[in-house]
Every structure is written in C-alpha cells, then in structure tokens.
file input.txt (compact mmCIF, C-alpha atoms)
# COMPACT_ATOMS: atom_id res chain seq x y z
CA MET A 15 -86.63 -6.59 13.13
CA LEU A 16 -89.18 -7.39 15.81
CA LYS A 17 -89.55 -5.66 19.13
CA GLY A 18 -91.24 -8.77 20.44
CA PHE A 19 -92.93 -12.01 19.44
CA ARG A 20 -96.31 -10.45 20.23
CA GLU A 21 -96.10 -8.43 16.99
CA ILE A 22 -96.63 -11.49 14.79
CA VAL A 23 -98.39 -14.05 16.99
CA LYS A 24 -101.84 -13.37 15.53
CA MET A 25 -100.59 -14.21 12.04
CA TYR A 26 -99.92 -17.88 12.87
CA ASP A 27 -101.81 -20.80 14.39
CA SER A 28 -98.87 -23.15 14.95
CA PHE A 29 -95.22 -22.72 15.82
CA ILE A 30 -92.03 -24.75 15.46
CA PHE A 31 -89.11 -23.83 17.73
CA ASP A 32 -85.52 -24.94 17.57
CA LEU A 33 -84.08 -25.71 21.00
CA TRP A 34 -80.39 -24.82 21.25
CA GLY A 35 -79.80 -21.07 21.14
CA VAL A 36 -83.53 -20.28 21.08
CA LEU A 37 -84.93 -21.84 24.25
CA TYR A 38 -81.76 -22.81 26.10
CA GLU A 39 -78.07 -23.62 25.83
CA GLY A 40 -77.77 -26.81 27.83
CA GLY A 41 -78.93 -25.17 31.06
CA PRO A 42 -82.06 -23.47 32.44
CA ILE A 43 -84.66 -22.42 29.87
CA PHE A 44 -84.26 -18.75 28.98
CA GLU A 45 -86.78 -16.74 31.02
CA ASP A 46 -87.98 -14.67 28.06
CA ALA A 47 -88.41 -17.76 25.87
CA LEU A 48 -90.33 -19.56 28.62
CA ASP A 49 -92.63 -16.55 28.89
CA VAL A 50 -93.35 -16.78 25.13
CA LEU A 51 -94.29 -20.46 25.39
CA ILE A 52 -96.53 -19.82 28.41
CA ARG A 53 -98.35 -17.04 26.53
CA LEU A 54 -98.74 -19.19 23.40
CA ASN A 55 -100.22 -21.93 25.53
CA SER A 56 -102.71 -19.49 27.03
CA LEU A 57 -103.72 -18.51 23.49
CA ASN A 58 -104.25 -22.18 22.54
CA LYS A 59 -101.48 -22.06 19.95
CA THR A 60 -99.92 -25.40 18.99
CA VAL A 61 -96.16 -25.77 19.49
CA VAL A 62 -93.70 -28.44 18.33
CA LEU A 63 -90.02 -28.37 19.31
CA ILE A 64 -87.34 -29.74 17.00
CA SER A 65 -83.66 -30.33 17.51
CA ASN A 66 -80.61 -31.79 15.84
CA SER A 67 -79.84 -33.52 19.13
CA PRO A 68 -78.97 -37.24 18.98
CA TYR A 69 -81.19 -37.77 22.03
CA SER A 70 -84.55 -39.45 21.46
CA ASN A 71 -87.67 -37.35 21.93
CA ARG A 72 -88.24 -38.94 25.35
CA GLY A 73 -84.74 -38.15 26.56
CA CYS A 74 -84.92 -34.65 25.15
CA ALA A 75 -88.30 -33.98 26.80
CA ASN A 76 -87.00 -35.22 30.16
CA ASN A 77 -83.99 -32.92 29.90
CA LEU A 78 -86.19 -29.95 29.05
CA GLN A 79 -88.46 -30.61 32.01
CA ARG A 80 -85.44 -30.81 34.28
CA TYR A 81 -84.32 -27.43 32.91
CA GLY A 82 -87.72 -25.85 33.60
CA LEU A 83 -89.87 -26.46 30.52
CA LYS A 84 -93.09 -28.32 31.39
CA LYS A 85 -94.35 -30.83 28.84
CA GLU A 86 -97.83 -29.25 28.74
CA LEU A 87 -96.36 -26.16 27.07
CA TYR A 88 -95.77 -27.97 23.78
CA LYS A 89 -97.34 -30.80 21.80
CA SER A 90 -94.21 -32.78 21.02
CA VAL A 91 -90.45 -32.66 20.64
CA PHE A 92 -88.87 -34.26 17.57
CA THR A 93 -85.14 -34.87 17.10
CA ALA A 94 -82.56 -35.87 14.54
CA GLY A 95 -81.85 -38.80 16.85
CA ASP A 96 -85.43 -40.02 16.39
CA LEU A 97 -85.01 -39.97 12.61
CA CYS A 98 -81.66 -41.77 12.72
CA LYS A 99 -82.94 -44.46 15.09
CA ASP A 100 -85.99 -45.02 12.89
CA TYR A 101 -83.75 -45.39 9.82
CA ILE A 102 -81.58 -47.97 11.57
CA LYS A 103 -84.64 -49.96 12.66
CA ARG A 104 -86.03 -49.99 9.12
CA SER A 105 -82.77 -50.54 7.23
CA TYR A 106 -80.83 -52.94 9.45
CA LYS A 107 -83.14 -55.87 10.20
CA SER A 108 -80.38 -58.21 11.33
CA PRO A 109 -77.82 -57.34 14.05
CA GLN A 110 -75.08 -55.07 12.74
CA ASN A 111 -71.79 -53.67 14.00
CA PHE A 112 -71.53 -49.90 14.18
CA TYR A 113 -68.35 -47.89 14.53
CA VAL A 114 -69.81 -45.31 16.91
CA ILE A 115 -68.29 -41.85 17.28
CA ASP A 116 -69.08 -40.70 20.82
CA SER A 117 -70.83 -43.65 22.45
CA TYR A 118 -72.32 -41.55 25.29
CA TYR A 119 -75.57 -41.12 23.40
CA TRP A 120 -75.49 -44.73 22.17
CA ASP A 121 -76.08 -45.82 25.76
CA THR A 122 -79.40 -43.91 25.72
CA TRP A 123 -80.67 -45.53 22.51
CA GLU A 124 -82.94 -48.20 23.95
CA ASN A 125 -83.76 -51.19 21.70
CA ILE A 126 -80.98 -50.13 19.33
CA ASN A 127 -77.99 -50.65 21.60
CA THR A 128 -79.25 -54.06 22.75
CA TYR A 129 -79.83 -55.38 19.23
CA HIS A 130 -76.90 -53.84 17.36
CA LYS A 131 -73.35 -53.71 18.67
CA ILE A 132 -70.42 -51.31 18.78
CA SER A 133 -67.30 -52.32 16.87
CA GLU A 134 -64.07 -50.54 17.71
CA ASN A 135 -62.46 -52.07 14.61
CA ILE A 136 -63.59 -50.21 11.48
CA GLU A 137 -62.82 -53.26 9.34
CA GLU A 138 -65.46 -55.25 11.25
CA ALA A 139 -68.09 -52.51 11.14
CA ASP A 140 -71.10 -52.31 8.82
CA ALA A 141 -71.50 -48.53 9.13
CA ILE A 142 -70.16 -45.47 10.92
CA LEU A 143 -72.62 -43.83 13.31
CA CYS A 144 -71.67 -40.32 14.41
CA LEU A 145 -73.69 -39.11 17.41
CA ALA A 146 -71.51 -36.28 18.73
CA ILE A 147 -68.07 -34.74 18.49
CA PRO A 148 -65.59 -36.18 21.02
CA LYS A 149 -64.43 -33.61 23.56
CA ASN A 150 -60.84 -33.68 22.31
CA ILE A 151 -61.93 -32.66 18.79
CA LYS A 152 -61.88 -28.87 18.48
CA THR A 153 -61.02 -28.22 14.81
CA LEU A 154 -61.19 -29.72 11.34
CA GLU A 155 -57.47 -30.41 11.63
CA ASN A 156 -58.22 -32.55 14.71
CA ILE A 157 -60.75 -34.55 12.69
CA GLN A 158 -58.24 -35.08 9.91
CA SER A 159 -55.38 -36.15 12.17
CA GLN A 160 -57.46 -38.48 14.35
CA TYR A 161 -59.96 -39.95 11.89
CA ASP A 162 -58.67 -39.84 8.32
CA HIS A 163 -56.96 -43.22 8.66
CA VAL A 164 -60.24 -44.70 9.87
CA PHE A 165 -62.28 -42.92 7.20
CA SER A 166 -60.01 -44.11 4.38
CA LYS A 167 -60.56 -47.75 5.43
CA ALA A 168 -64.30 -47.16 5.77
CA ILE A 169 -64.57 -45.57 2.32
CA ALA A 170 -62.59 -48.44 0.81
CA CYS A 171 -65.24 -50.78 2.28
CA ASN A 172 -68.06 -48.49 1.09
CA LEU A 173 -69.36 -47.99 4.62
CA PRO A 174 -72.09 -45.37 5.00
CA PHE A 175 -71.63 -42.53 7.48
CA LEU A 176 -74.84 -42.02 9.47
CA CYS A 177 -74.92 -38.59 11.08
CA ALA A 178 -77.45 -38.06 13.87
CA ASN A 179 -76.64 -34.35 14.19
CA PRO A 180 -75.95 -32.49 10.92
CA ASP A 181 -75.11 -29.18 12.64
CA ILE A 182 -71.75 -27.94 11.38
CA PHE A 183 -71.29 -25.43 14.18
CA ALA A 184 -73.27 -24.68 17.33
CA PRO A 185 -73.34 -20.98 18.16
CA SER A 186 -73.72 -20.06 21.81
CA SER A 187 -73.21 -17.09 24.07
CA LYS A 188 -69.89 -18.59 25.13
CA LYS A 189 -68.15 -19.75 21.94
CA LEU A 190 -68.64 -21.40 18.58
CA GLN A 191 -68.42 -25.18 18.84
CA ILE A 192 -68.00 -27.68 16.02
CA ARG A 193 -70.64 -30.36 15.56
CA PRO A 194 -70.93 -33.76 13.77
CA GLY A 195 -72.06 -32.15 10.51
CA LEU A 196 -68.49 -30.96 9.99
CA MET A 197 -67.30 -34.55 10.32
CA SER A 198 -69.92 -35.89 7.90
CA MET A 199 -69.06 -33.14 5.42
CA HIS A 200 -65.38 -34.09 5.62
CA TYR A 201 -66.21 -37.79 5.12
CA GLN A 202 -68.23 -36.90 2.03
CA GLN A 203 -65.43 -34.72 0.65
CA LEU A 204 -63.10 -37.69 1.01
CA GLY A 205 -65.47 -39.65 -1.21
CA GLY A 206 -67.60 -41.36 1.41
CA ARG A 207 -71.35 -41.97 1.39
CA VAL A 208 -73.23 -39.88 3.96
CA LEU A 209 -76.76 -39.98 5.36
CA ASN A 210 -77.69 -36.93 7.45
CA PHE A 211 -80.71 -36.77 9.74
CA GLY A 212 -82.31 -33.56 11.00
CA LYS A 213 -82.33 -29.92 9.94
CA PRO A 214 -82.09 -28.54 7.26
CA PHE A 215 -83.26 -31.75 5.57
CA SER A 216 -86.94 -32.04 4.78
CA LYS A 217 -88.11 -35.03 6.84
CA ILE A 218 -87.78 -33.39 10.25
CA PHE A 219 -89.92 -30.50 8.98
CA THR A 220 -92.54 -32.63 7.23
CA GLU A 221 -92.90 -34.84 10.30
CA SER A 222 -93.24 -31.77 12.51
CA LEU A 223 -95.94 -30.37 10.25
CA LYS A 224 -97.81 -33.69 10.51
CA LEU A 225 -97.67 -33.42 14.30
CA LEU A 226 -99.16 -29.95 13.99
CA GLY A 227 -101.92 -31.18 11.67
CA ASN A 228 -100.36 -29.69 8.51
CA PRO A 229 -101.41 -26.10 9.27
CA LYS A 230 -101.24 -23.35 6.66
CA ARG A 231 -100.20 -20.62 9.08
CA VAL A 232 -97.01 -21.86 10.75
CA LEU A 233 -93.80 -20.12 11.84
CA MET A 234 -90.35 -21.65 12.40
CA THR A 235 -88.04 -19.96 14.92
CA GLY A 236 -84.33 -20.80 14.96
CA ASP A 237 -80.91 -19.26 15.46
CA THR A 238 -78.98 -20.71 12.51
CA GLY A 239 -79.46 -19.76 8.89
CA TYR A 240 -78.09 -22.98 7.39
CA THR A 241 -80.20 -25.45 9.37
CA ASP A 242 -83.23 -23.58 10.70
CA ILE A 243 -84.00 -20.88 8.16
CA ASN A 244 -82.99 -22.76 5.02
CA GLY A 245 -84.89 -25.82 6.21
CA ALA A 246 -88.03 -23.74 6.76
CA LEU A 247 -87.59 -21.99 3.42
CA ASN A 248 -87.43 -25.33 1.61
CA GLN A 249 -90.80 -26.22 3.10
CA LYS A 250 -92.25 -22.77 2.33
CA ILE A 251 -92.57 -22.02 6.04
CA ASP A 252 -92.20 -18.48 7.36
CA SER A 253 -89.28 -18.07 9.75
CA LEU A 254 -87.87 -15.93 12.54
CA LEU A 255 -84.09 -15.82 13.01
CA ILE A 256 -82.71 -15.28 16.52
CA THR A 257 -79.51 -13.31 15.94
CA LYS A 258 -77.83 -13.03 19.35
CA SER A 259 -75.22 -15.74 18.79
CA TYR A 260 -73.94 -14.36 15.49
CA GLY A 261 -74.92 -10.72 15.82
CA ASP A 262 -76.90 -8.70 13.32
CA SER A 263 -74.55 -9.64 10.45
CA GLN A 264 -76.83 -12.59 9.61
CA ILE A 265 -79.61 -10.17 8.69
CA PHE A 266 -77.83 -9.20 5.49
CA THR A 267 -77.59 -12.76 4.16
CA SER A 268 -80.55 -14.57 5.71
CA LYS A 269 -83.87 -15.10 3.94
CA ALA A 270 -85.83 -15.20 7.20
CA ASN A 271 -89.06 -13.23 7.35
CA TYR A 272 -88.32 -11.76 10.77
CA PHE A 273 -85.36 -11.12 13.06
CA SER A 274 -84.92 -10.67 16.79
CA PRO A 275 -81.84 -10.65 19.08
CA ILE A 276 -83.62 -13.03 21.49
CA LEU A 277 -86.96 -14.79 21.75
CA LYS A 278 -89.11 -12.55 23.93
CA TRP A 279 -92.75 -11.54 24.09
call {"tool": "encode", "arguments": {"input": "input.txt", "output": "structure tokens"}}
result
Amino acid sequence: MLKGFREIVKMYDSFIFDLWGVLYEGGPIFEDALDVLIRLNSLNKTVVLISNSPYSNRGCANNLQRYGLKKELYKSVFTAGDLCKDYIKRSYKSPQNFYVIDSYYWDTWENINTYHKISENIEEADAILCLAIPKNIKTLENIQSQYDHVFSKAIACNLPFLCANPDIFAPSSKKLQIRPGLMSMHYQQLGGRVLNFGKPFSKIFTESLKLLGNPKRVLMTGDTGYTDINGALNQKIDSLLITKSYGDSQIFTSKANYFSPILKW
C-alpha cells in the first residue's frame, strides 16, 4: 500500500494510466491526479492514457482538455473506440448495415458513419455494434427483456457482436453502473459470436507500449482488477490498483504490485 506515487516513480520510465476512476469520472480531472501528471511531466517521464471509451482518441483528448487536462501532459490517448473503428475499416470494405446500440457515439465516428449505415431492423443488419448501454438499461434483466428477441434473430443469422467498450461494470464514487461488456457477455452466453475491443485484451496494451517506445520499465495504473490489472499482468507489466471505488477488499484478490486509495503524489 503506497503513501504516494512518489514512492515508486524512480523505478519506471514510462506510465500508462486508465482514465475513468483514476483521473476523472466524467467531470473535472481529480486535483491529486493532475498533480501527479504535472510532476511526471517535469521529470520527463512518458505517459500514455488508455480507456475503454467508445470515443476516438481525438474526441477523448478534447474532452480531457475541457475537463482540465492539457495535452502536453501526456504523449497520446488510446481508446477501445479507436480499435473498433480500425477493425471496421479493415474488415468491412464495402458499405454495411450496423444495428447500433446507443447511436450517440456513432454520430462522433467520422468516416465510419458516412460510409456505413445504421439499420433499425436486425434482419437487415450485417453486424451488431454496441457502443454504450442505453440509459433505460440498469440490470441484466433489462438487457434480457429488451434485447433477447433481437439477439436470438441475430444469432440465427450468425451476426457478430462488436463491443467498443468491454467494461462489465464501471465503479464510481456515486454508484456501480453496468457497461456494454455485460451485454456482450450475455450475447456470447446465448451462443453469439463476440469481438471485444479494449482492456483487458492485449491489443490496447501492445499498441500503448509501441507509443511509449516499448520500454522495459513501465507501470500501468487502473481502478479495476478485471480490465486494468489483468490486462497489465498478461503483458507482464507492473501495475498499481486504485481502490477507492471498491474499497480495500480488492487487495485480497488482486495481483497488482501496488495499491493506493487514490492517485496522489
């Protein structure tokens, strides 16, 4: 258990930070976390930010700047949305119809939303694209009651389920919220074919390491064991678990190297 980030900073040259729960929760950047990034910048440490957000890196960076995080404090931000968009560009060369779950983010996907189209009829779709959980979905039972009839038709047509945010839950200081990963997991349990993009899967980590120059001394900081810590562990990256959202109970099951209630210097 760390008293502060300063205790371990000399051990690493490069750092990967998760966004939600570590640096912010959809509002102003946490003051203590901002202080850490400012100090790392003064020490010439290289920082990459990663997120399971369906936003593109540009949209994510613009949001962060609006919330108080200047772009000069990190090298790049890399998202699950980036990975999903890249997959669609590579795999769907001709115009396709997507059954989009939560089209809010679809409207921000430049060059994708003008080439491919949304289909509200699952029988006319070529794939399901899940970008976020609709606001009226609060539980697994809601998913089952509102989507199982759609999913059964999609599975019968062998439609893939593309998930641009594999988080199952999003812990926050307010409440635990369900995320698209729960929907993709349910689709898979029904027998459907799923493609998840983002943490804990390897590509978002390997791409982040490339951005950092494939350093040997790198630390991942996140607040969720399943996505952040397990993803880092699979890449043999040291990790720091921020425990404030779940409490110290995570310490007894997590394989993180370090723990801290919040990110602070």
call {"tool": "closest_residue", "arguments": {"input": "input.txt", "among": "A:Asp252, A:Asp32, A:Asp237, A:Asp49", "to": "Arg20 of chain A", "atoms": "only C-alpha atoms"}}
result
A:Asp49
call {"tool": "atom_distance", "arguments": {"input": "input.txt", "atom1": "atom CA of Phe183 of chain A", "atom2": "atom CA of Phe92 of chain A"}}
result
20.0 Å
call {"tool": "atom_distance", "arguments": {"input": "input.txt", "atom1": "atom CA of Leu226 of chain A", "atom2": "atom CA of Ile182 of chain A"}}
result
27.6 Å
call {"tool": "residues_near_point", "arguments": {"input": "input.txt", "point": "(-60.2, -25.2, 12.1)", "cutoff": "12 Å", "atoms": "only C-alpha atoms", "output": "PyMOL selection string"}}
result
chain A and resi 151-159+182-183+190-192+196-197
call {"tool": "atom_distance", "arguments": {"input": "input.txt", "atom1": "atom CA of Asn172 of chain A", "atom2": "atom CA of Ile218 of chain A"}}
result
26.5 Å
call {"tool": "closest_residue", "arguments": {"input": "input.txt", "among": "A:Pro174, A:Pro68, A:Gly227, A:Pro180", "to": "Gly205 of chain A", "atoms": "all atoms listed in the file"}}
result
A:Pro174
call {"tool": "closest_residue", "arguments": {"input": "input.txt", "among": "A:Ser274, A:Asn76, A:Ser90, A:Ser28", "to": "Leu57 of chain A", "atoms": "only C-alpha atoms"}}
result
A:Ser28
call {"tool": "residues_around", "arguments": {"input": "input.txt", "residues": "Leu63 of chain A", "least_positions_apart": "2", "cutoff": "10 Å", "atoms": "all atoms listed in the file", "output": "mmCIF file with C-alpha atoms, keeping the file's coordinate frame"}}
result
data_model
loop_
_atom_site.group_PDB
_atom_site.id
_atom_site.type_symbol
_atom_site.label_atom_id
_atom_site.label_comp_id
_atom_site.auth_asym_id
_atom_site.auth_seq_id
_atom_site.Cartn_x
_atom_site.Cartn_y
_atom_site.Cartn_z
ATOM 1 C CA PHE A 29 -95.220 -22.720 15.820
ATOM 2 C CA ILE A 30 -92.030 -24.750 15.460
ATOM 3 C CA PHE A 31 -89.110 -23.830 17.730
ATOM 4 C CA ASP A 32 -85.520 -24.940 17.570
ATOM 5 C CA LEU A 33 -84.080 -25.710 21.000
ATOM 6 C CA LEU A 37 -84.930 -21.840 24.250
ATOM 7 C CA VAL A 61 -96.160 -25.770 19.490
ATOM 8 C CA SER A 65 -83.660 -30.330 17.510
ATOM 9 C CA ASN A 71 -87.670 -37.350 21.930
ATOM 10 C CA CYS A 74 -84.920 -34.650 25.150
ATOM 11 C CA ALA A 75 -88.300 -33.980 26.800
ATOM 12 C CA TYR A 88 -95.770 -27.970 23.780
ATOM 13 C CA LYS A 89 -97.340 -30.800 21.800
ATOM 14 C CA SER A 90 -94.210 -32.780 21.020
ATOM 15 C CA VAL A 91 -90.450 -32.660 20.640
ATOM 16 C CA PHE A 92 -88.870 -34.260 17.570
ATOM 17 C CA THR A 93 -85.140 -34.870 17.100
ATOM 18 C CA SER A 222 -93.240 -31.770 12.510
ATOM 19 C CA MET A 234 -90.350 -21.650 12.400
ATOM 20 C CA THR A 235 -88.040 -19.960 14.920
#
call {"tool": "closest_residue", "arguments": {"input": "input.txt", "among": "A:Leu247, A:Ile52, A:Ile102, A:Ala178", "to": "Leu87 of chain A", "atoms": "all atoms listed in the file"}}
result
A:Ile52
call {"tool": "closest_residue", "arguments": {"input": "input.txt", "among": "A:Tyr201, A:Trp123, A:Phe19, A:Phe211", "to": "Leu254 of chain A", "atoms": "only C-alpha atoms"}}
result
A:Phe19
call {"tool": "closest_residue", "arguments": {"input": "input.txt", "among": "A:Tyr69, A:Trp279, A:Tyr26, A:Phe112", "to": "Leu143 of chain A", "atoms": "all atoms listed in the file"}}
result
A:Phe112
call {"tool": "residues_near_point", "arguments": {"input": "input.txt", "point": "(-83.9, -22.2, 2.2)", "cutoff": "12 Å", "atoms": "only C-alpha atoms", "output": "MDAnalysis selection string"}}
result
chainID A and resid 213:216 238:253 267:271
call {"tool": "decode", "arguments": {"input": "input.txt", "residues": "segment 112-139 of chain A", "atoms": "N, CA and C atoms", "output": "CSV table (one decimal), in the first residue's frame"}}
result
chain,number,residue,atom,x,y,z
A,112,PHE,N,-25.2,-1.6,-39.8
A,112,PHE,CA,-25.0,-2.0,-38.4
A,112,PHE,C,-26.2,-1.7,-37.6
A,113,TYR,N,-26.5,-2.7,-36.8
A,113,TYR,CA,-27.6,-2.5,-35.7
A,113,TYR,C,-26.8,-1.9,-34.5
A,114,VAL,N,-27.0,-0.6,-34.3
A,114,VAL,CA,-26.1,0.1,-33.4
A,114,VAL,C,-26.9,0.3,-32.0
A,115,ILE,N,-26.3,-0.2,-31.0
A,115,ILE,CA,-26.8,0.0,-29.6
A,115,ILE,C,-26.2,1.3,-29.0
A,116,ASP,N,-27.0,2.3,-28.9
A,116,ASP,CA,-26.7,3.6,-28.4
A,116,ASP,C,-25.9,4.4,-29.5
A,117,SER,N,-26.7,5.0,-30.4
A,117,SER,CA,-26.1,5.7,-31.5
A,117,SER,C,-25.5,7.1,-31.2
A,118,TYR,N,-25.5,7.5,-30.0
A,118,TYR,CA,-24.9,8.8,-29.6
A,118,TYR,C,-23.5,8.8,-30.1
A,119,TYR,N,-22.7,7.8,-29.7
A,119,TYR,CA,-21.3,7.8,-30.1
A,119,TYR,C,-21.1,7.6,-31.6
A,120,TRP,N,-22.0,6.9,-32.2
A,120,TRP,CA,-21.9,6.7,-33.7
A,120,TRP,C,-21.9,8.0,-34.4
A,121,ASP,N,-22.5,9.0,-33.9
A,121,ASP,CA,-22.5,10.3,-34.6
A,121,ASP,C,-21.2,11.0,-34.5
A,122,THR,N,-20.3,10.5,-33.6
A,122,THR,CA,-18.9,11.1,-33.5
A,122,THR,C,-17.9,10.3,-34.3
A,123,TRP,N,-18.3,9.2,-34.9
A,123,TRP,CA,-17.4,8.3,-35.6
A,123,TRP,C,-17.2,8.8,-37.1
A,124,GLU,N,-16.4,9.8,-37.3
A,124,GLU,CA,-16.2,10.4,-38.6
A,124,GLU,C,-15.7,9.3,-39.6
A,125,ASN,N,-16.1,9.4,-40.8
A,125,ASN,CA,-15.6,8.5,-41.9
A,125,ASN,C,-16.2,7.1,-41.8
A,126,ILE,N,-16.7,6.7,-40.6
A,126,ILE,CA,-17.4,5.4,-40.4
A,126,ILE,C,-18.9,5.7,-40.6
A,127,ASN,N,-19.5,6.7,-40.0
A,127,ASN,CA,-20.9,6.9,-40.0
A,127,ASN,C,-21.4,7.5,-41.4
A,128,THR,N,-20.4,7.9,-42.2
A,128,THR,CA,-20.8,8.4,-43.5
A,128,THR,C,-20.7,7.3,-44.6
A,129,TYR,N,-20.0,6.2,-44.3
A,129,TYR,CA,-19.8,5.1,-45.2
A,129,TYR,C,-20.7,4.0,-44.9
A,130,HIS,N,-20.8,3.6,-43.7
A,130,HIS,CA,-21.7,2.6,-43.2
A,130,HIS,C,-23.0,3.2,-42.7
A,131,LYS,N,-24.0,2.4,-42.6
A,131,LYS,CA,-25.3,2.9,-42.2
A,131,LYS,C,-25.9,2.2,-41.0
A,132,ILE,N,-26.8,2.8,-40.3
A,132,ILE,CA,-27.5,2.2,-39.2
A,132,ILE,C,-28.7,1.5,-39.7
A,133,SER,N,-29.0,0.3,-39.3
A,133,SER,CA,-30.2,-0.4,-39.6
A,133,SER,C,-31.0,-0.7,-38.3
A,134,GLU,N,-32.2,-0.2,-38.2
A,134,GLU,CA,-33.0,-0.5,-37.0
A,134,GLU,C,-33.7,-1.8,-37.1
A,135,ASN,N,-33.6,-2.5,-38.2
A,135,ASN,CA,-34.1,-3.8,-38.4
A,135,ASN,C,-33.0,-4.8,-38.3
A,136,ILE,N,-33.0,-5.7,-37.3
A,136,ILE,CA,-31.8,-6.6,-37.1
A,136,ILE,C,-31.7,-7.6,-38.3
A,137,GLU,N,-32.8,-7.9,-39.0
A,137,GLU,CA,-32.8,-8.8,-40.1
A,137,GLU,C,-32.1,-8.2,-41.3
A,138,GLU,N,-31.9,-6.9,-41.3
A,138,GLU,CA,-31.3,-6.3,-42.5
A,138,GLU,C,-29.8,-5.8,-42.1
A,139,ALA,N,-29.4,-6.2,-40.9
A,139,ALA,CA,-28.1,-5.7,-40.4
A,139,ALA,C,-27.0,-6.8,-40.8
